[in-house]
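Heads up: the structure comes next, in structure tokens.
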Amino acid sequence: MKELRITSNQRNQMIDITDEVQQLVKEEKINDGYLIVYVPHTTAGITINEGADPDVQQDIIDTLDKLIPENASYHHSEGNSDAHIKASLLGSSVTVLVTEGKLVLGTWQHIFFYEGDGPRHRTVYISLHQSR
Ligand code: ZN
């Protein structure tokens, strides 16, 4: 298992980790197989979506904020209930196929780490699997 270290610099942020993940596939010489990208945090998530137009990432952040405001009447006293809920909506892992040494992603697809309660130092686990 490999780890990526991520540093967010805003409370809510989408961080494109596609290049780092592709680099790991190269380093580990995965030709055909798959990998699991896993976020071990309760206020951050992982999602695959459009990487070409940054407005899409802003729309996702803004819409999550509208749906799940930071300040509402939550029970959890830590003040970050919105981040916990957003993390659950996005999920904590994605699976990505690999063929001929490349991530199998659609033309516009990128892998994003979603920060829900930054700025923070974060870790992403990546489990790489080679088909035999
Ligand atoms: Zn909390």
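Residues are referred to by chain and number: the chain letter is A, B, ... according to the order shown in the structure tokens, the number counts from 1 in that chain, and ligands are numbered separately from 1 in the order shown.
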
Next on the checklist: Write out as a PyMOL selection string the set of residues from region 45-102 of chain A that DSSP, computed on the backbone, places in strand (DSSP E).
Outcome noted: chain A and resi 45-50+93-99+102

Hey, which bits of chain A sit within 12 Å of ligand 1, and for each residue what's the closest pair of atoms and how far apart in Å (one decimal), counting only C-alpha atoms and all ligand atoms, rows by chain and increasing number, as CSV?
```
residue,atom,partner,partner_atom_place_in_ligand_line,distance
A:His41,CA,ligand 1,1 (Zn),10.4
A:Thr42,CA,ligand 1,1 (Zn),7.7
A:Thr43,CA,ligand 1,1 (Zn),7.3
A:Ala44,CA,ligand 1,1 (Zn),11.1
A:Glu70,CA,ligand 1,1 (Zn),11.8
A:Tyr74,CA,ligand 1,1 (Zn),10.7
A:His75,CA,ligand 1,1 (Zn),10.3
A:His76,CA,ligand 1,1 (Zn),6.6
A:Ser77,CA,ligand 1,1 (Zn),7.4
A:Glu78,CA,ligand 1,1 (Zn),4.9
A:Gly79,CA,ligand 1,1 (Zn),6.6
A:Asn80,CA,ligand 1,1 (Zn),5.0
A:Ser81,CA,ligand 1,1 (Zn),5.8
A:Asp82,CA,ligand 1,1 (Zn),8.8
A:Ala83,CA,ligand 1,1 (Zn),7.7
A:His84,CA,ligand 1,1 (Zn),6.5
A:Ile85,CA,ligand 1,1 (Zn),9.9
A:Lys86,CA,ligand 1,1 (Zn),11.8
A:Ala87,CA,ligand 1,1 (Zn),11.1
A:Gly116,CA,ligand 1,1 (Zn),10.6
A:Asp117,CA,ligand 1,1 (Zn),9.0
```

Item to check | Secondary structure check, helix (DSSP H, G or I) residues of chain A, as an MDAnalysis selection string | outcome: chainID A and resid 18:27 54:67 81:90

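Omitting Phe113 (chain A) and its sequence neighbours fewer than 3 positions away, and counting only C-alpha atoms, the residues within 7 Å are Met14, Ile15, Asp16, Ile17, Gly45, Ile46 and Thr47 of chain A.
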
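Coordinates place CA of Gly51 (chain A) at a distance of 23.4 Å from CA of Lys2 (chain A).
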
Checklist entry - Using only C-alpha atoms, which residue out of A:Leu89, A:Ile6, A:Val37, A:Gln13 lies closest to Asp62 (chain A)? => result A:Gln13

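The coordinates place CA of Asn12 (chain A) at 13.1 Å from CA of Leu90 (chain A).
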
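Atom to atom, CA of Thr123 (chain A) and CA of Leu4 (chain A) stand 5.7 Å apart.
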
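In terms of minimum interatomic distance to Pro54 (chain A), A:Trp108 ranks closest within A:Gln10, A:Trp108, A:Asn71, A:Glu3, counting only C-alpha atoms.
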
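If you count only C-alpha atoms and ignore residues fewer than 4 places along the chain from Leu103 (chain A), what sits within 8 Å of it is A:Gln22, A:Val25, A:Val96, A:Leu97, A:Val98, A:Thr99.
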
Item to check | Pro40 (chain A) environment, 8 Å, only C-alpha atoms, sequence neighbours closer than 6 positions dropped, as an NGL selection string | outcome: :A and (92 or 123-125)

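The shortest atom-to-atom distance to Ser93 (chain A), with only C-alpha atoms taken into account, belongs to A:Val39 out of A:Ile48, A:Ser127, A:Gln57, A:Val39.
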
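Of the listed residues (A:Asp55, A:Ile68, A:Tyr114, A:Gln109), A:Tyr114 comes nearest to Gly91 (chain A); the distances count only C-alpha atoms.
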
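Within the 12 Å cut-off around Gln23 (chain A), using only C-alpha atoms and omitting residues fewer than 2 positions from it on the same chain, the listed residues are Lys2, Leu4, Ile17, Thr18, Asp19, Glu20, Val21, Val25, Lys26, Glu27, Glu28, Lys29, Ile30, Gly101, Lys102, Leu103, Ile126 and Leu128 of chain A.
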